[in-house]
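Peer 1: This is the content of upload-v2.json (JSON, C-alpha atoms and all ligand atoms):
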[["chain", "number", "residue", "atom", "x", "y", "z"],
["A", 234, "MET", "CA", -3.18, -0.58, 1.83],
["A", 235, "ARG", "CA", -1.39, -3.88, 1.32],
["A", 236, "ASP", "CA", -3.01, -7.32, 1.20],
["A", 237, "LEU", "CA", -2.67, -9.83, 4.00],
["A", 238, "ILE", "CA", -2.07, -13.11, 2.20],
["A", 239, "VAL", "CA", -2.08, -16.69, 3.44],
["A", 240, "ALA", "CA", -0.48, -18.87, 0.78],
["A", 241, "GLY", "CA", -0.33, -22.66, 0.99],
["A", 242, "ASN", "CA", 2.61, -24.19, -0.88],
["A", 243, "TRP", "CA", 1.82, -27.88, -1.18],
["A", 244, "LYS", "CA", 5.22, -28.60, -2.78],
["A", 245, "MET", "CA", 5.26, -32.17, -4.26],
["A", 246, "ASN", "CA", 2.40, -33.35, -2.06],
["A", 247, "GLY", "CA", -1.30, -33.93, -2.42],
["A", 248, "SER", "CA", -3.64, -35.87, -4.66],
["A", 249, "GLN", "CA", -6.87, -35.38, -6.53],
["A", 250, "GLN", "CA", -8.68, -36.32, -3.33],
["A", 251, "PHE", "CA", -6.78, -33.70, -1.34],
["A", 252, "VAL", "CA", -7.65, -31.01, -3.93],
["A", 253, "ASP", "CA", -11.33, -31.88, -3.44],
["A", 254, "GLU", "CA", -11.06, -31.86, 0.36],
["A", 255, "MET", "CA", -9.11, -28.62, 0.67],
["A", 256, "LEU", "CA", -11.09, -26.68, -1.92],
["A", 257, "SER", "CA", -14.46, -27.75, -0.59],
["A", 258, "ALA", "CA", -13.42, -26.68, 2.93],
["A", 259, "LEU", "CA", -12.06, -23.33, 1.69],
["A", 260, "ASN", "CA", -15.19, -22.74, -0.39],
["A", 261, "GLN", "CA", -17.17, -22.58, 2.87],
["A", 262, "VAL", "CA", -15.17, -19.54, 4.05],
["A", 263, "ASP", "CA", -16.08, -16.01, 2.99],
["A", 264, "PHE", "CA", -12.81, -14.20, 2.36],
["A", 265, "SER", "CA", -14.39, -11.32, 0.45],
["A", 266, "GLU", "CA", -13.85, -8.59, 3.06],
["A", 267, "SER", "CA", -10.81, -10.19, 4.58],
["A", 268, "ILE", "CA", -7.50, -11.77, 3.76],
["A", 269, "LYS", "CA", -6.45, -13.29, 0.45],
["A", 270, "ALA", "CA", -5.98, -17.05, 0.60],
["A", 271, "VAL", "CA", -4.04, -18.76, -2.17],
["A", 272, "VAL", "CA", -3.26, -22.44, -2.71],
["A", 273, "PHE", "CA", -0.31, -23.75, -4.73],
["A", 274, "PRO", "CA", -0.99, -27.36, -5.76],
["A", 275, "PRO", "CA", 1.38, -29.36, -7.97],
["A", 276, "SER", "CA", 0.92, -28.32, -11.60],
["A", 277, "VAL", "CA", -1.10, -31.36, -12.68],
["A", 278, "TYR", "CA", -3.84, -30.33, -10.23],
["A", 279, "LEU", "CA", -3.90, -26.63, -11.08],
["A", 280, "TYR", "CA", -6.71, -26.74, -13.60],
["A", 281, "GLU", "CA", -8.93, -28.82, -11.36],
["A", 282, "ALA", "CA", -8.21, -26.61, -8.34],
["A", 283, "ILE", "CA", -9.06, -23.50, -10.37],
["A", 284, "GLN", "CA", -12.34, -25.04, -11.48],
["A", 285, "GLN", "CA", -13.28, -25.75, -7.88],
["A", 286, "ALA", "CA", -11.99, -22.58, -6.19],
["A", 287, "LYS", "CA", -14.75, -20.13, -5.31],
["A", 288, "THR", "CA", -13.27, -18.11, -2.47],
["A", 289, "VAL", "CA", -9.53, -18.51, -2.90],
["A", 290, "LYS", "CA", -6.94, -17.91, -5.58],
["A", 291, "VAL", "CA", -4.76, -20.57, -7.12],
["A", 292, "GLY", "CA", -1.08, -20.26, -7.95],
["A", 293, "ALA", "CA", 1.73, -22.33, -9.46],
["A", 294, "GLN", "CA", 4.93, -23.37, -7.73],
["A", 295, "ASN", "CA", 7.22, -22.54, -10.64],
["A", 296, "PHE", "CA", 7.46, -21.90, -14.39],
["A", 297, "PHE", "CA", 10.12, -21.42, -17.07],
["A", 298, "HIS", "CA", 10.77, -17.90, -18.31],
["A", 299, "GLU", "CA", 10.80, -18.53, -22.08],
["A", 300, "LYS", "CA", 7.58, -17.90, -23.98],
["A", 301, "SER", "CA", 7.43, -21.30, -25.72],
["A", 302, "GLY", "CA", 9.67, -23.80, -27.47],
["A", 303, "ALA", "CA", 11.78, -26.90, -26.96],
["A", 304, "TYR", "CA", 11.88, -26.97, -23.15],
["A", 305, "THR", "CA", 10.68, -30.46, -22.32],
["A", 306, "GLY", "CA", 8.82, -30.68, -19.06],
["A", 307, "GLU", "CA", 8.41, -26.94, -18.55],
["A", 308, "LEU", "CA", 5.40, -24.58, -18.38],
["A", 309, "SER", "CA", 5.30, -20.94, -19.45],
["A", 310, "ALA", "CA", 3.75, -17.93, -17.72],
["A", 311, "SER", "CA", 1.15, -17.62, -20.46],
["A", 312, "MET", "CA", 0.09, -21.26, -20.04],
["A", 313, "LEU", "CA", -0.42, -20.75, -16.32],
["A", 314, "SER", "CA", -2.36, -17.54, -16.96],
["A", 315, "ASP", "CA", -4.38, -19.33, -19.59],
["A", 316, "VAL", "CA", -5.79, -21.87, -17.14],
["A", 317, "GLY", "CA", -6.50, -19.18, -14.54],
["A", 318, "CYS", "CA", -3.50, -19.11, -12.21],
["A", 319, "GLU", "CA", -3.03, -15.77, -10.49],
["A", 320, "TYR", "CA", 0.23, -16.25, -8.59],
["A", 321, "VAL", "CA", 3.53, -18.04, -9.05],
["A", 322, "ILE", "CA", 6.22, -18.83, -6.47],
["A", 323, "LEU", "CA", 9.70, -17.99, -7.77],
["A", 324, "GLY", "CA", 13.15, -18.47, -6.26],
["A", 325, "HIS", "CA", 12.01, -20.85, -3.55],
["A", 326, "SER", "CA", 15.02, -22.13, -1.61],
["A", 327, "GLU", "CA", 14.24, -25.70, -2.71],
["A", 328, "ARG", "CA", 14.46, -24.60, -6.35],
["A", 329, "ARG", "CA", 17.65, -22.69, -5.61],
["A", 330, "ALA", "CA", 19.30, -25.57, -3.70],
["A", 331, "ILE", "CA", 17.98, -28.72, -5.42],
["A", 332, "PHE", "CA", 17.41, -27.42, -8.96],
["A", 333, "CYS", "CA", 20.39, -25.05, -9.03],
["A", 334, "GLU", "CA", 18.37, -21.89, -9.78],
["A", 335, "ASP", "CA", 20.57, -18.85, -9.28],
["A", 336, "ASP", "CA", 19.71, -15.18, -8.84],
["A", 337, "ASN", "CA", 20.03, -14.52, -12.59],
["A", 338, "LEU", "CA", 17.52, -17.20, -13.50],
["A", 339, "VAL", "CA", 15.17, -16.05, -10.74],
["A", 340, "ALA", "CA", 15.34, -12.47, -12.09],
["A", 341, "LYS", "CA", 14.47, -13.73, -15.61],
["A", 342, "LYS", "CA", 11.49, -15.60, -14.22],
["A", 343, "VAL", "CA", 10.27, -12.59, -12.25],
["A", 344, "VAL", "CA", 10.41, -10.34, -15.32],
["A", 345, "ALA", "CA", 8.70, -13.01, -17.44],
["A", 346, "THR", "CA", 5.53, -12.64, -15.34],
["A", 347, "LEU", "CA", 4.99, -9.16, -16.79],
["A", 348, "GLY", "CA", 2.22, -9.11, -19.32],
["A", 349, "SER", "CA", 0.67, -12.24, -17.82],
["A", 350, "ARG", "CA", -1.93, -12.28, -15.08],
["A", 351, "LEU", "CA", 0.55, -13.79, -12.62],
["A", 352, "THR", "CA", 1.73, -12.06, -9.47],
["A", 353, "PRO", "CA", 5.21, -13.37, -8.66],
["A", 354, "ILE", "CA", 6.02, -14.30, -5.07],
["A", 355, "LEU", "CA", 9.78, -13.83, -4.95],
["A", 356, "CYS", "CA", 11.28, -15.97, -2.18],
["A", 357, "VAL", "CA", 14.46, -14.97, -0.37],
["A", 358, "GLY", "CA", 16.12, -16.38, 2.71],
["A", 359, "GLU", "CA", 19.41, -17.15, 4.37],
["A", 360, "THR", "CA", 20.88, -20.52, 5.37],
["A", 361, "LEU", "CA", 21.70, -21.42, 8.96],
["A", 362, "GLU", "CA", 25.36, -20.77, 8.17],
["A", 363, "ASP", "CA", 24.53, -17.24, 6.94],
["A", 364, "ARG", "CA", 22.45, -16.58, 10.05],
["A", 365, "GLU", "CA", 25.04, -17.90, 12.50],
["A", 366, "GLY", "CA", 27.84, -16.14, 10.68],
["A", 367, "GLY", "CA", 25.92, -12.85, 10.97],
["A", 368, "GLY", "CA", 25.93, -12.17, 7.22],
["A", 369, "TYR", "CA", 22.23, -12.75, 6.69],
["A", 370, "SER", "CA", 21.36, -9.13, 5.91],
["A", 371, "ASP", "CA", 23.79, -9.13, 2.99],
["A", 372, "VAL", "CA", 22.39, -12.40, 1.67],
["A", 373, "ILE", "CA", 18.83, -11.05, 1.80],
["A", 374, "ALA", "CA", 19.86, -7.75, 0.19],
["A", 375, "THR", "CA", 21.66, -9.57, -2.64],
["A", 376, "GLN", "CA", 18.69, -11.85, -3.34],
["A", 377, "VAL", "CA", 16.11, -9.03, -3.23],
["A", 378, "LYS", "CA", 18.15, -6.70, -5.44],
["A", 379, "ALA", "CA", 18.96, -9.47, -7.93],
["A", 380, "GLY", "CA", 15.40, -10.79, -8.05],
["A", 381, "LEU", "CA", 14.02, -7.33, -8.83],
["A", 382, "SER", "CA", 16.93, -6.22, -11.02],
["A", 383, "LEU", "CA", 15.15, -6.49, -14.37],
["A", 384, "LEU", "CA", 12.07, -4.53, -13.26],
["A", 385, "SER", "CA", 11.34, -0.82, -13.31],
["A", 386, "ALA", "CA", 10.11, 0.82, -10.10],
["A", 387, "ASP", "CA", 6.60, 0.70, -11.42],
["A", 388, "GLN", "CA", 6.87, -3.00, -12.27],
["A", 389, "ILE", "CA", 8.17, -3.79, -8.78],
["A", 390, "SER", "CA", 4.75, -2.80, -7.48],
["A", 391, "ASN", "CA", 3.37, -6.08, -8.94],
["A", 392, "VAL", "CA", 5.64, -8.26, -6.83],
["A", 393, "VAL", "CA", 5.07, -9.99, -3.49],
["A", 394, "ILE", "CA", 8.19, -10.98, -1.54],
["A", 395, "ALA", "CA", 8.37, -13.95, 0.83],
["A", 396, "TYR", "CA", 11.07, -14.12, 3.47],
["A", 397, "GLU", "CA", 11.76, -17.80, 4.10],
["A", 398, "PRO", "CA", 14.82, -18.48, 6.23],
["A", 399, "VAL", "CA", 16.13, -21.81, 4.95],
["A", 400, "TRP", "CA", 16.81, -23.00, 8.50],
["A", 401, "ALA", "CA", 13.13, -22.59, 9.37],
["A", 402, "ILE", "CA", 11.69, -24.46, 6.37],
["A", 403, "GLY", "CA", 10.27, -27.85, 7.29],
["A", 404, "THR", "CA", 12.28, -27.91, 10.51],
["A", 405, "GLY", "CA", 9.64, -26.87, 13.04],
["A", 406, "LYS", "CA", 12.04, -24.05, 13.99],
["A", 407, "THR", "CA", 10.25, -20.78, 13.31],
["A", 408, "ALA", "CA", 12.03, -17.44, 13.21],
["A", 409, "SER", "CA", 10.90, -15.51, 16.26],
["A", 410, "PRO", "CA", 8.47, -12.68, 15.47],
["A", 411, "LEU", "CA", 11.26, -10.21, 16.20],
["A", 412, "GLN", "CA", 13.82, -12.01, 14.03],
["A", 413, "ALA", "CA", 11.32, -12.13, 11.18],
["A", 414, "GLN", "CA", 10.22, -8.51, 11.67],
["A", 415, "GLU", "CA", 13.84, -7.34, 11.51],
["A", 416, "VAL", "CA", 14.33, -8.95, 8.09],
["A", 417, "HIS", "CA", 10.92, -7.86, 6.80],
["A", 418, "LYS", "CA", 11.76, -4.26, 7.70],
["A", 419, "LEU", "CA", 15.08, -4.64, 5.91],
["A", 420, "ILE", "CA", 13.28, -5.96, 2.82],
["A", 421, "ARG", "CA", 10.79, -3.07, 2.88],
["A", 422, "ASP", "CA", 13.64, -0.57, 3.24],
["A", 423, "LEU", "CA", 15.41, -2.16, 0.26],
["A", 424, "VAL", "CA", 12.24, -1.89, -1.82],
["A", 425, "THR", "CA", 11.98, 1.78, -0.80],
["A", 426, "GLU", "CA", 15.51, 2.30, -2.09],
["A", 427, "LEU", "CA", 14.77, 0.50, -5.35],
["A", 428, "ALA", "CA", 11.24, 1.66, -6.10],
["A", 429, "GLY", "CA", 10.24, 4.40, -3.67],
["A", 430, "LYS", "CA", 8.11, 4.64, -0.56],
["A", 431, "GLU", "CA", 4.74, 4.30, -2.23],
["A", 432, "VAL", "CA", 5.68, 0.94, -3.75],
["A", 433, "SER", "CA", 7.25, -0.37, -0.55],
["A", 434, "VAL", "CA", 4.37, 0.53, 1.77],
["A", 435, "ASN", "CA", 1.95, -1.19, -0.57],
["A", 436, "MET", "CA", 4.00, -4.36, -1.07],
["A", 437, "SER", "CA", 2.95, -7.53, 0.77],
["A", 438, "VAL", "CA", 5.94, -9.23, 2.39],
["A", 439, "LEU", "CA", 5.12, -12.76, 3.59],
["A", 440, "TYR", "CA", 6.92, -14.89, 6.15],
["A", 441, "GLY", "CA", 7.53, -18.60, 5.51],
["A", 442, "GLY", "CA", 9.19, -21.25, 7.62],
["A", 443, "SER", "CA", 7.27, -23.58, 9.97],
["A", 444, "VAL", "CA", 4.21, -21.32, 10.16],
["A", 445, "ASN", "CA", 1.39, -23.11, 11.96],
["A", 446, "ALA", "CA", -1.92, -22.36, 13.66],
["A", 447, "ALA", "CA", -0.18, -21.70, 16.98],
["A", 448, "ASN", "CA", 2.38, -19.14, 15.79],
["A", 449, "ALA", "CA", 0.60, -17.48, 12.86],
["A", 450, "GLN", "CA", -1.20, -14.72, 14.71],
["A", 451, "GLU", "CA", 1.88, -13.43, 16.53],
["A", 452, "LEU", "CA", 3.97, -13.51, 13.37],
["A", 453, "PHE", "CA", 1.32, -11.80, 11.23],
["A", 454, "SER", "CA", 0.85, -9.11, 13.90],
["A", 455, "GLN", "CA", 4.33, -7.73, 13.27],
["A", 456, "PRO", "CA", 4.20, -4.40, 11.48],
["A", 457, "ASP", "CA", 6.04, -5.54, 8.35],
["A", 458, "ILE", "CA", 4.70, -9.11, 8.09],
["A", 459, "ASP", "CA", 1.73, -9.31, 5.73],
["A", 460, "GLY", "CA", 0.83, -12.97, 6.02],
["A", 461, "GLY", "CA", 2.57, -16.24, 5.37],
["A", 462, "LEU", "CA", 3.81, -18.76, 2.85],
["A", 463, "VAL", "CA", 2.91, -22.02, 4.52],
["A", 464, "GLY", "CA", 4.34, -25.43, 3.63],
["A", 465, "GLY", "CA", 3.62, -28.46, 5.86],
["A", 466, "ALA", "CA", 0.69, -26.88, 7.69],
["A", 467, "SER", "CA", -1.06, -26.15, 4.38],
["A", 468, "LEU", "CA", -1.45, -29.91, 3.88],
["A", 469, "LYS", "CA", -3.83, -30.24, 6.81],
["A", 470, "VAL", "CA", -7.24, -28.80, 6.09],
["A", 471, "ASP", "CA", -8.10, -27.74, 9.66],
["A", 472, "GLU", "CA", -4.67, -26.30, 10.32],
["A", 473, "PHE", "CA", -4.68, -24.24, 7.12],
["A", 474, "LEU", "CA", -8.17, -22.94, 7.91],
["A", 475, "ALA", "CA", -6.97, -22.02, 11.41],
["A", 476, "ILE", "CA", -4.03, -20.09, 9.95],
["A", 477, "CYS", "CA", -6.44, -18.21, 7.67],
["A", 478, "SER", "CA", -8.62, -17.39, 10.70],
["A", 479, "ALA", "CA", -5.58, -16.20, 12.66],
["A", 480, "ALA", "CA", -4.72, -13.88, 9.79],
["A", 481, "ALA", "CA", -8.30, -12.60, 9.60],
["A", 482, "GLU", "CA", -8.15, -11.81, 13.33],
["A", 483, "VAL", "CA", -5.03, -9.72, 12.78],
["A", 484, "LEU", "CA", -6.85, -7.71, 10.12],
["A", 485, "LYS", "CA", -9.71, -6.91, 12.48],
["A", 486, "ARG", "CA", -7.45, -5.08, 14.93],
["A", 501, "LIG", "P1", 7.16, -25.21, 6.02],
["A", 501, "LIG", "O1", 5.96, -24.38, 6.41],
["A", 501, "LIG", "O2", 6.87, -26.67, 5.88],
["A", 501, "LIG", "O3", 8.33, -24.91, 6.90],
["A", 501, "LIG", "O4", 7.59, -24.74, 4.53],
["A", 501, "LIG", "C1", 7.71, -23.39, 4.26],
["A", 501, "LIG", "C2", 7.88, -23.21, 2.81],
["A", 501, "LIG", "O5", 8.88, -23.60, 2.23],
["A", 501, "LIG", "C3", 6.77, -22.57, 2.07],
["A", 501, "LIG", "O6", 7.15, -22.24, 0.79]]
Would you put the structure from the file into C-alpha cells?
Peer 2:
Amino acid sequence: MRDLIVAGNWKMNGSQQFVDEMLSALNQVDFSESIKAVVFPPSVYLYEAIQQAKTVKVGAQNFFHEKSGAYTGELSASMLSDVGCEYVILGHSERRAIFCEDDNLVAKKVVATLGSRLTPILCVGETLEDREGGGYSDVIATQVKAGLSLLSADQISNVVIAYEPVWAIGTGKTASPLQAQEVHKLIRDLVTELAGKEVSVNMSVLYGGSVNAANAQELFSQPDIDGGLVGGASLKVDEFLAICSAAAEVLKR
C-alpha cells in the first residue's frame, strides 16, 4: 500500500515566525492513522522546524551530491540526515531552469540519498511548449528514466516521484485531474518497466502545480495520484491544513 503524501514546498519564502505558526498548527493534527504531511522550509529553518515538528515530517529543498569538501554554500545528504530531515526534493523545475541542473546532475543527487535517511522526491514535468507540441510524454519518460538511471530496481523502491507540469507551477493553472492522471499512469508504467510491478504499485507519485484547497480532493482521488507537492498554498496555514484534510478524506473512501 502506498503512502498518500501532502508536501509543502515553501521555496525561498517564510521566516522564523512562519515556522512557529505552521508547525504549531500542524502539531494540533493527528496524522498517525492517515496521510503523511511533510514541510520543506528553507535550509536555515530546517533544524528549528525539526525540533518543533510532532506530527509531520520535515524535508529539504535541495542538496549537493558530494559527501563533503570544498563546495561553498552547499549541504550534503549526511548533513541533512544528521539534523533529522527525512525527505529531499530533487530536480525541481526551478532548479533545472534557474540553476541549470540537468538530468545527469539530478541522477547523481538521487543516488547520493542512498545510505542516508532521506527519501528523494524526484520532480519531473514538461514545459508549456512540450505540452502544446504534444511531446510531453517523451519529456516525462526521459526525465524519469534519467533520474532513476543510477539506481537498481530495489533502490528505486525508496523514491517518490512528483509530476509538476512547469506550466502549472505558480500560474494558478492546474492540470485537469484527467491530464494529471494520464501522466501519473505513464510514470507508473515506466517504473514498472524499470523496476517491476511490485515497486511501481507501492511508489507514491505526487502531483504539483497550483494545488489548492478547492482542487486537491479531486486531484488526489485519481487512481495514480498519491497526494501533492504544494507550493504557494503551503504558505497559508489554513489552506495547507485544508489540503491535508482533503487528502485524509480521500483515504477514508
Ligand atoms: P505552486 O503550488 O505554487 O504552483 O508550486 C508548485 C511547486 O512548484 C511545488 O514544488
Peer 1: Give me, as a list in words, all polymer residues having an atom no more than 9 Å from Phe453 (chain A), counting all atoms listed in the file and skipping those fewer than 6 positions away in the same chain.
Peer 2: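 Neighbouring residues, sequence-local ones excluded: Leu237, Pro410, Leu439, Tyr440, Asp459, Gly460, Gly461, Ala479, Ala480 and Val483 of chain A.
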Peer 1: Got a sec to check which residues lie within 6 Å of ligand LIG 501 (chain A), using all atoms listed in the file, and send them as a PDB file with C-alpha atoms, in the coordinates of the input?
Peer 2:
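So the final result, stored in part-v5.pdb, reads:
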ATOM      1  CA  ASN A 242       2.610 -24.190  -0.880  1.00  0.00           C
ATOM      2  CA  ALA A 401      13.130 -22.590   9.370  1.00  0.00           C
ATOM      3  CA  ILE A 402      11.690 -24.460   6.370  1.00  0.00           C
ATOM      4  CA  GLY A 403      10.270 -27.850   7.290  1.00  0.00           C
ATOM      5  CA  GLY A 441       7.530 -18.600   5.510  1.00  0.00           C
ATOM      6  CA  GLY A 442       9.190 -21.250   7.620  1.00  0.00           C
ATOM      7  CA  SER A 443       7.270 -23.580   9.970  1.00  0.00           C
ATOM      8  CA  VAL A 444       4.210 -21.320  10.160  1.00  0.00           C
ATOM      9  CA  LEU A 462       3.810 -18.760   2.850  1.00  0.00           C
ATOM     10  CA  VAL A 463       2.910 -22.020   4.520  1.00  0.00           C
ATOM     11  CA  GLY A 464       4.340 -25.430   3.630  1.00  0.00           C
ATOM     12  CA  GLY A 465       3.620 -28.460   5.860  1.00  0.00           C
ATOM     13  CA  ALA A 466       0.690 -26.880   7.690  1.00  0.00           C
TER      14      ALA A 466
END
Peer 1: Neighbouring residues of Val262 (chain A) were defined as those with any atom within 10 Å, considering all atoms listed in the file; residues of the same chain fewer than 4 positions away were excluded. Please report them as a list in words.
Peer 2: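 So, after excluding close chain neighbours, the residues are Ser257, Ala258, Lys287, Thr288, Val289, Leu474, Cys477 and Ser478 of chain A.
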Peer 1: Just want the 8 Å neighbourhood of Val291 (chain A), counted on all atoms listed in the file, with same-chain residues fewer than 5 positions away dropped. Output as a list of chain:residue names.
Peer 2: A:Val271, A:Val272, A:Phe273, A:Pro274, A:Leu279, A:Ala282, A:Ile283, A:Ala286, A:Gly317, A:Cys318, A:Glu319, A:Tyr320
Peer 1: Looking at A:Ile268, A:Ala481, A:Ala413, A:Ala310, which one is nearest to Arg350 (chain A), with distances taken over only C-alpha atoms?
Peer 2: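 Checking each of A:Ile268, A:Ala481, A:Ala413, A:Ala310 against Arg350 (chain A), counting only C-alpha atoms, the winner is A:Ala310.
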Peer 1: Between CA of Val399 (chain A) and CA of Thr360 (chain A), measure the distance and give it in Å to one decimal.
Peer 2: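 Value for the CA of Val399 (chain A)-CA of Thr360 (chain A) distance: 4.9 Å.
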Peer 1: Write out as a count of residues only the residues lying within 9 Å of region 247-252 of chain A, counting only C-alpha atoms and excluding same-chain residues fewer than 3 positions away.
Peer 2: 13
Peer 1: When distances are computed from only C-alpha atoms, which of A:Ile394, A:Leu383, A:Met234, A:Leu308 shows the smallest separation from Val434 (chain A)?
Peer 2: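 Between A:Ile394, A:Leu383, A:Met234, A:Leu308, the residue approaching Val434 (chain A) most closely is A:Met234.
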Peer 1: Grab the CA of Glu451 (chain A) to CA of Val393 (chain A) distance for me, in Å with one decimal place.
Peer 2: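 These atoms are spaced 20.6 Å apart.
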Peer 1: Which residue gives the smallest distance to Lys418 (chain A) among A:Ser385, A:Ser370, A:Thr404, A:Asn260, with all atoms listed in the file counted?
Peer 2: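 Closest residue, counting all atoms listed in the file: A:Ser370.
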Peer 1: Which residues of region 237-316 of chain A come within 9 Å of region 327-349 of chain A, and for each one, what is the closest pair of atoms and their distance in Å to one decimal, counting all atoms listed in the file, sorted by chain and residue number, as a Markdown table?
Peer 2:
| residue | atom | partner | partner_atom | distance |
| --- | --- | --- | --- | --- |
| A:Asn295 | CA | A:Arg328 | CA | 8.7 |
| A:Phe296 | CA | A:Lys342 | CA | 7.5 |
| A:Phe297 | CA | A:Lys342 | CA | 6.6 |
| A:His298 | CA | A:Lys342 | CA | 4.7 |
| A:Glu299 | CA | A:Ala345 | CA | 7.5 |
| A:Lys300 | CA | A:Ala345 | CA | 8.2 |
| A:Ser309 | CA | A:Ala345 | CA | 8.9 |
| A:Ala310 | CA | A:Thr346 | CA | 6.1 |
| A:Ser311 | CA | A:Ser349 | CA | 6.0 |
| A:Leu313 | CA | A:Ser349 | CA | 8.7 |
| A:Ser314 | CA | A:Ser349 | CA | 6.2 |
| A:Asp315 | CA | A:Ser349 | CA | 8.9 |
Peer 1: Interatomic distance between CA of His325 (chain A) and CA of Gln294 (chain A)?
Peer 2: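 Taking CA of His325 (chain A) and CA of Gln294 (chain A), their separation equals 8.6 Å.
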Peer 1: Looking at A:Gly241, A:Val277, A:Thr375, A:Ile420, which one is nearest to Leu259 (chain A), with distances taken over all atoms listed in the file?
Peer 2: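 Selected residue with least distance to Leu259 (chain A): A:Gly241.
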Peer 1: Find the residue from A:Asn448, A:Ala408, A:Ser437, A:Leu419 that sits nearest to Val372 (chain A); use all atoms listed in the file when measuring.
Peer 2: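 Smallest distance to Val372 (chain A) is found for A:Leu419.
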Peer 1: Neighbouring residues of Val432 (chain A) were defined as those with any atom within 9 Å, considering all atoms listed in the file; residues of the same chain fewer than 5 positions away were excluded. Please report them as a ChimeraX atom specification.
Peer 2: /A:386-387,389-390,424-425
Peer 1: Provide an axis-aligned box for all listed atoms of region 278-282 of chain A, padding each side by 3 Å; report its centre and its edge lengths in Å to one decimal, as JSON.
Peer 2:
{"center_x": -6.4, "center_y": -28.5, "center_z": -11.0, "size_x": 11.1, "size_y": 9.7, "size_z": 11.3}
